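*Asks:* One file: entry.cif (mmCIF, C-alpha atoms).
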data_model
#
loop_
_atom_site.label_atom_id
_atom_site.label_comp_id
_atom_site.auth_asym_id
_atom_site.auth_seq_id
_atom_site.Cartn_x
_atom_site.Cartn_y
_atom_site.Cartn_z
CA ASP A 89 -23.51 -20.82 7.35
CA ALA A 90 -21.54 -22.94 9.83
CA VAL A 91 -19.88 -25.11 7.15
CA VAL A 92 -18.50 -22.07 5.27
CA GLN A 93 -17.27 -20.52 8.53
CA GLU A 94 -15.59 -23.76 9.57
CA GLN A 95 -13.86 -24.05 6.18
CA ALA A 96 -12.68 -20.43 6.30
CA ALA A 97 -11.35 -20.87 9.82
CA GLY A 98 -9.54 -24.04 8.76
CA ASN A 99 -7.86 -22.09 5.94
CA GLY A 100 -6.51 -19.43 8.29
CA GLY A 101 -9.49 -17.08 8.10
CA ILE A 102 -10.75 -15.52 11.30
CA ILE A 103 -14.53 -15.51 11.13
CA LYS A 104 -16.55 -14.69 14.22
CA ASN A 105 -20.16 -15.13 13.06
CA GLY A 106 -20.36 -11.71 11.49
CA ARG A 107 -18.53 -10.00 14.34
CA GLU A 108 -15.19 -9.37 12.72
CA ILE A 109 -13.42 -6.23 13.85
CA LEU A 110 -10.63 -4.73 11.74
CA LEU A 111 -7.92 -2.53 13.26
CA GLN A 112 -6.11 -0.14 10.93
CA ALA A 113 -2.74 -0.56 12.60
CA PHE A 114 -0.83 2.33 11.05
CA ASN A 115 -0.93 6.02 10.28
CA TRP A 116 1.09 8.44 8.17
CA GLU A 117 3.87 8.61 10.79
CA SER A 118 4.18 4.88 11.61
CA HIS A 119 7.27 4.34 9.44
CA LYS A 120 9.24 6.48 11.93
CA HIS A 121 8.73 4.08 14.86
CA ASN A 122 10.23 0.63 14.05
CA TRP A 123 6.64 -0.34 13.30
CA TRP A 124 6.78 -4.14 12.92
CA SER A 125 8.49 -4.50 16.32
CA ASN A 126 6.24 -1.86 17.88
CA LEU A 127 3.11 -3.72 16.76
CA GLU A 128 4.47 -7.10 17.80
CA GLY A 129 4.69 -5.87 21.38
CA ARG A 130 0.99 -4.95 21.26
CA VAL A 131 -0.49 -8.09 19.67
CA ALA A 132 -1.75 -9.57 22.96
CA ASP A 133 -3.53 -6.30 23.83
CA ILE A 134 -5.00 -6.10 20.31
CA ALA A 135 -6.39 -9.62 20.69
CA LYS A 136 -7.78 -8.90 24.19
CA SER A 137 -9.51 -5.82 22.77
CA GLY A 138 -11.50 -8.07 20.42
CA PHE A 139 -9.88 -7.30 17.08
CA THR A 140 -9.99 -10.22 14.65
CA SER A 141 -7.99 -8.66 11.81
CA VAL A 142 -5.19 -6.13 11.57
CA TRP A 143 -4.65 -3.98 8.50
CA LEU A 144 -0.90 -3.48 8.03
CA PRO A 145 0.75 -0.73 5.98
CA PRO A 146 2.34 -1.44 2.59
CA PRO A 147 5.23 -3.81 3.35
CA THR A 148 7.32 -3.41 0.19
CA GLN A 149 10.46 -1.37 -0.39
CA SER A 150 9.26 2.05 -1.54
CA LEU A 151 10.52 5.46 -2.67
CA SER A 152 8.21 7.07 -0.09
CA PRO A 153 8.74 5.99 3.53
CA GLU A 154 4.98 5.41 3.99
CA GLY A 155 5.05 2.72 1.30
CA TYR A 156 2.76 4.27 -1.29
CA LEU A 157 5.38 4.51 -4.05
CA PRO A 158 6.54 0.88 -4.19
CA GLN A 159 9.64 0.15 -6.22
CA ASN A 160 10.56 -3.47 -5.59
CA LEU A 161 7.51 -5.65 -5.00
CA TYR A 162 9.78 -8.58 -4.10
CA SER A 163 11.55 -6.82 -1.22
CA LEU A 164 9.69 -6.76 2.08
CA ASP A 165 12.37 -4.75 3.84
CA SER A 166 10.83 -1.32 4.28
CA CYS A 167 10.81 1.71 6.56
CA TYR A 168 8.46 -0.28 8.83
CA GLY A 169 11.13 -2.89 9.49
CA SER A 170 12.77 -5.96 8.04
CA LEU A 171 11.24 -9.05 6.46
CA GLN A 172 12.33 -11.00 9.56
CA GLN A 173 10.48 -8.55 11.85
CA LEU A 174 7.38 -8.74 9.63
CA ASN A 175 7.44 -12.55 9.73
CA SER A 176 7.76 -12.47 13.52
CA LEU A 177 4.83 -10.04 13.81
CA ILE A 178 2.61 -12.19 11.57
CA GLN A 179 3.53 -15.36 13.49
CA ASN A 180 2.62 -13.62 16.76
CA MET A 181 -0.68 -12.48 15.24
CA ASN A 182 -1.42 -16.04 14.10
CA ASP A 183 -0.65 -17.31 17.61
CA HIS A 184 -3.29 -14.86 18.91
CA ASN A 185 -5.83 -15.81 16.21
CA ILE A 186 -5.61 -12.45 14.46
CA ARG A 187 -5.65 -12.25 10.66
CA ALA A 188 -3.01 -10.02 9.04
CA MET A 189 -4.13 -7.96 6.06
CA ALA A 190 -1.57 -6.16 3.89
CA ASP A 191 -2.11 -2.89 2.12
CA VAL A 192 -0.62 -3.86 -1.25
CA VAL A 193 -0.16 -0.90 -3.57
CA ILE A 194 0.86 -1.96 -7.07
CA ASN A 195 -0.86 0.73 -9.10
CA HIS A 196 1.24 3.55 -7.57
CA ARG A 197 4.55 1.97 -8.55
CA VAL A 198 7.64 3.98 -9.40
CA GLY A 199 11.05 2.93 -10.64
CA THR A 200 14.25 2.50 -8.69
CA THR A 201 16.21 5.09 -10.71
CA LYS A 202 15.49 8.13 -12.84
CA GLY A 203 14.82 7.49 -16.51
CA SER A 204 15.39 9.67 -19.58
CA THR A 205 12.70 12.14 -18.48
CA GLY A 206 14.32 12.68 -15.06
CA MET A 207 11.55 10.80 -13.26
CA TYR A 208 11.77 7.59 -11.24
CA ASN A 209 10.53 5.27 -13.98
CA ARG A 210 13.40 2.82 -14.56
CA TYR A 211 13.63 -0.53 -12.78
CA ASP A 212 17.33 -1.19 -12.33
CA GLY A 213 18.79 -3.88 -10.11
CA ILE A 214 15.53 -5.63 -9.17
CA PRO A 215 13.88 -8.82 -10.48
CA ILE A 216 11.05 -6.99 -12.29
CA SER A 217 11.34 -6.81 -16.08
CA TRP A 218 9.48 -3.51 -16.46
CA ASP A 219 10.77 -0.54 -18.41
CA GLU A 220 9.86 3.17 -18.33
CA HIS A 221 6.40 2.41 -19.78
CA ALA A 222 5.37 0.52 -16.63
CA VAL A 223 4.95 3.75 -14.66
CA THR A 224 1.73 5.60 -15.36
CA SER A 225 1.63 9.27 -16.21
CA CYS A 226 -0.03 10.07 -12.90
CA SER A 227 2.84 8.63 -10.88
CA GLY A 228 5.72 10.23 -12.74
CA GLY A 229 5.91 8.25 -15.96
CA LYS A 230 5.41 9.36 -19.52
CA VAL A 231 5.01 13.13 -19.72
CA ALA A 232 3.87 12.94 -23.36
CA ILE A 233 0.68 11.07 -22.41
CA LEU A 234 -0.25 13.78 -19.93
CA GLN A 235 0.48 16.50 -22.48
CA ARG A 236 -1.73 14.77 -25.09
CA LEU A 237 -4.58 14.59 -22.59
CA ARG A 238 -4.25 18.29 -21.73
CA ILE A 239 -4.23 19.30 -25.42
CA LYS A 240 -7.29 17.12 -26.12
CA ASN A 241 -9.17 18.52 -23.12
CA THR A 242 -8.49 22.16 -24.05
CA LYS A 243 -9.81 21.61 -27.61
CA ASN A 244 -13.05 20.07 -26.32
CA LYS A 245 -13.39 22.33 -23.31
CA LYS A 246 -16.93 23.50 -22.60
CA LYS A 247 -17.89 26.32 -20.34
CA PRO A 248 -18.93 24.95 -16.93
CA PRO A 249 -22.64 25.24 -16.09
CA TYR A 250 -21.76 27.00 -12.82
CA LYS A 251 -19.85 30.08 -11.80
CA HIS A 252 -16.70 29.34 -9.80
CA ASN A 253 -15.32 32.00 -7.47
CA ASP A 254 -11.75 31.56 -6.26
#
Show the structure stored in the file as structure tokens.
*Replies:*
Amino acid sequence: DAVVQEQAAGNGGIIKNGREILLQAFNWESHKHNWWSNLEGRVADIAKSGFTSVWLPPPTQSLSPEGYLPQNLYSLDSCYGSLQQLNSLIQNMNDHNIRAMADVVINHRVGTTKGSTGMYNRYDGIPISWDEHAVTSCSGGKVAILQRLRIKNTKNKKKPPYKHND
């Protein structure tokens, strides 16, 4: 209703009576193009095109340049640009009444250095008090967990109800 929309707009939300339009403003190659500055130069055109929200790529420092293996969740200097450039972009978006949405990826985390298993699962030199157990087996953490799951699955393995041809 109008009261909820007015409250959301007053809190920085961009609500257009059910006509919100989200722009995914990145792709797999965006980190190669000084992205925060590149986008900032396009904010006026994005607003004129009718977009009300912009989905930004993961802004944290990451092992992968795309941002999907975050290491330091407190550092917003990334392959997309610096924290200062990101702040400038967001301020420009606010000036054009566009809501910024971050792609925050905390479940894919990896460490800053290699641990005892040779995988990036240690968090050295950053203000996060995690140890090697904070990285899941699927993202390069404890190999033993994965091995236990494989052993358990082979013991209980049933023949599939279908024939699979490679």
*Asks:* I need the residue nearest Thr140 (chain A) from this list: A:Ile186, A:Ala113, A:Leu161, A:Leu174. Use only C-alpha atoms for the distance.
*Replies:*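 Once distances to Thr140 (chain A) are computed over only C-alpha atoms, the minimum belongs to A:Ile186.
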*Asks:* Counting all atoms listed in the file, which residues sit no farther than 8 Å from the position (4.4, 0.6, -10.2) in the file's frame? I'd like them as a PyMOL selection string.
*Replies:* chain A and resi 157-159+194-199+222-224
*Asks:* Include C-alpha atoms and write out the residues we just selected as a PDB file, keeping the file's coordinate frame.
*Replies:*
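Output contents, as saved in out-v1.pdb:
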ATOM      1  CA  LEU A 157       5.380   4.510  -4.050  1.00  0.00           C
ATOM      2  CA  PRO A 158       6.540   0.880  -4.190  1.00  0.00           C
ATOM      3  CA  GLN A 159       9.640   0.150  -6.220  1.00  0.00           C
ATOM      4  CA  ILE A 194       0.860  -1.960  -7.070  1.00  0.00           C
ATOM      5  CA  ASN A 195      -0.860   0.730  -9.100  1.00  0.00           C
ATOM      6  CA  HIS A 196       1.240   3.550  -7.570  1.00  0.00           C
ATOM      7  CA  ARG A 197       4.550   1.970  -8.550  1.00  0.00           C
ATOM      8  CA  VAL A 198       7.640   3.980  -9.400  1.00  0.00           C
ATOM      9  CA  GLY A 199      11.050   2.930 -10.640  1.00  0.00           C
ATOM     10  CA  ALA A 222       5.370   0.520 -16.630  1.00  0.00           C
ATOM     11  CA  VAL A 223       4.950   3.750 -14.660  1.00  0.00           C
ATOM     12  CA  THR A 224       1.730   5.600 -15.360  1.00  0.00           C
TER      13      THR A 224
END
*Asks:* If you apply the PyMOL selection byres ((chain A and resi 123-138) around 8) to this file, what residues do you get, as a VMD selection string?
*Replies:* chain A and resid 109 113 118 to 122 139 to 140 168 to 170 173 to 174 176 to 177 180 to 181 184 to 186
*Asks:* In Å, how far is it from CA of Gly155 (chain A) to CA of Thr200 (chain A)?
*Replies:*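 Distance between the two atoms: 13.6 Å.
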*Asks:* Translate the PyMOL selection byres ((chain A and resi 148) around 7), as applied to the file shown, into an explicit residue set as an NGL selection string.
*Replies:* :A and (146-147 or 149-150 or 155 or 158 or 160-161 or 163-166)
*Asks:* Report as a VMD selection string the full result of the PyMOL selection byres ((chain A and resi 188) around 10) when it is applied to this structure.
*Replies:* chain A and resid 101 to 102 110 to 111 140 to 144 177 to 179 181 to 182 185 to 187 189 to 191
*Asks:* So the first atom is CA of Gly203 (chain A) and the second is CA of Glu154 (chain A); what is the distance between them in Å, to one decimal place?
*Replies:*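 Those two atoms sit 22.8 Å apart.
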*Asks:* In Å, rounded to a single decimal, give me how far CA of Gly106 (chain A) is from CA of Val193 (chain A).
*Replies:*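 Distance between the two atoms: 27.4 Å.
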*Asks:* Taking into account only C-alpha atoms, which residue in the set A:Val192, A:Thr201, A:Asp183, A:Arg107 is nearest to Leu151 (chain A)?
*Replies:*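 The closest residue to Leu151 (chain A) is A:Thr201.
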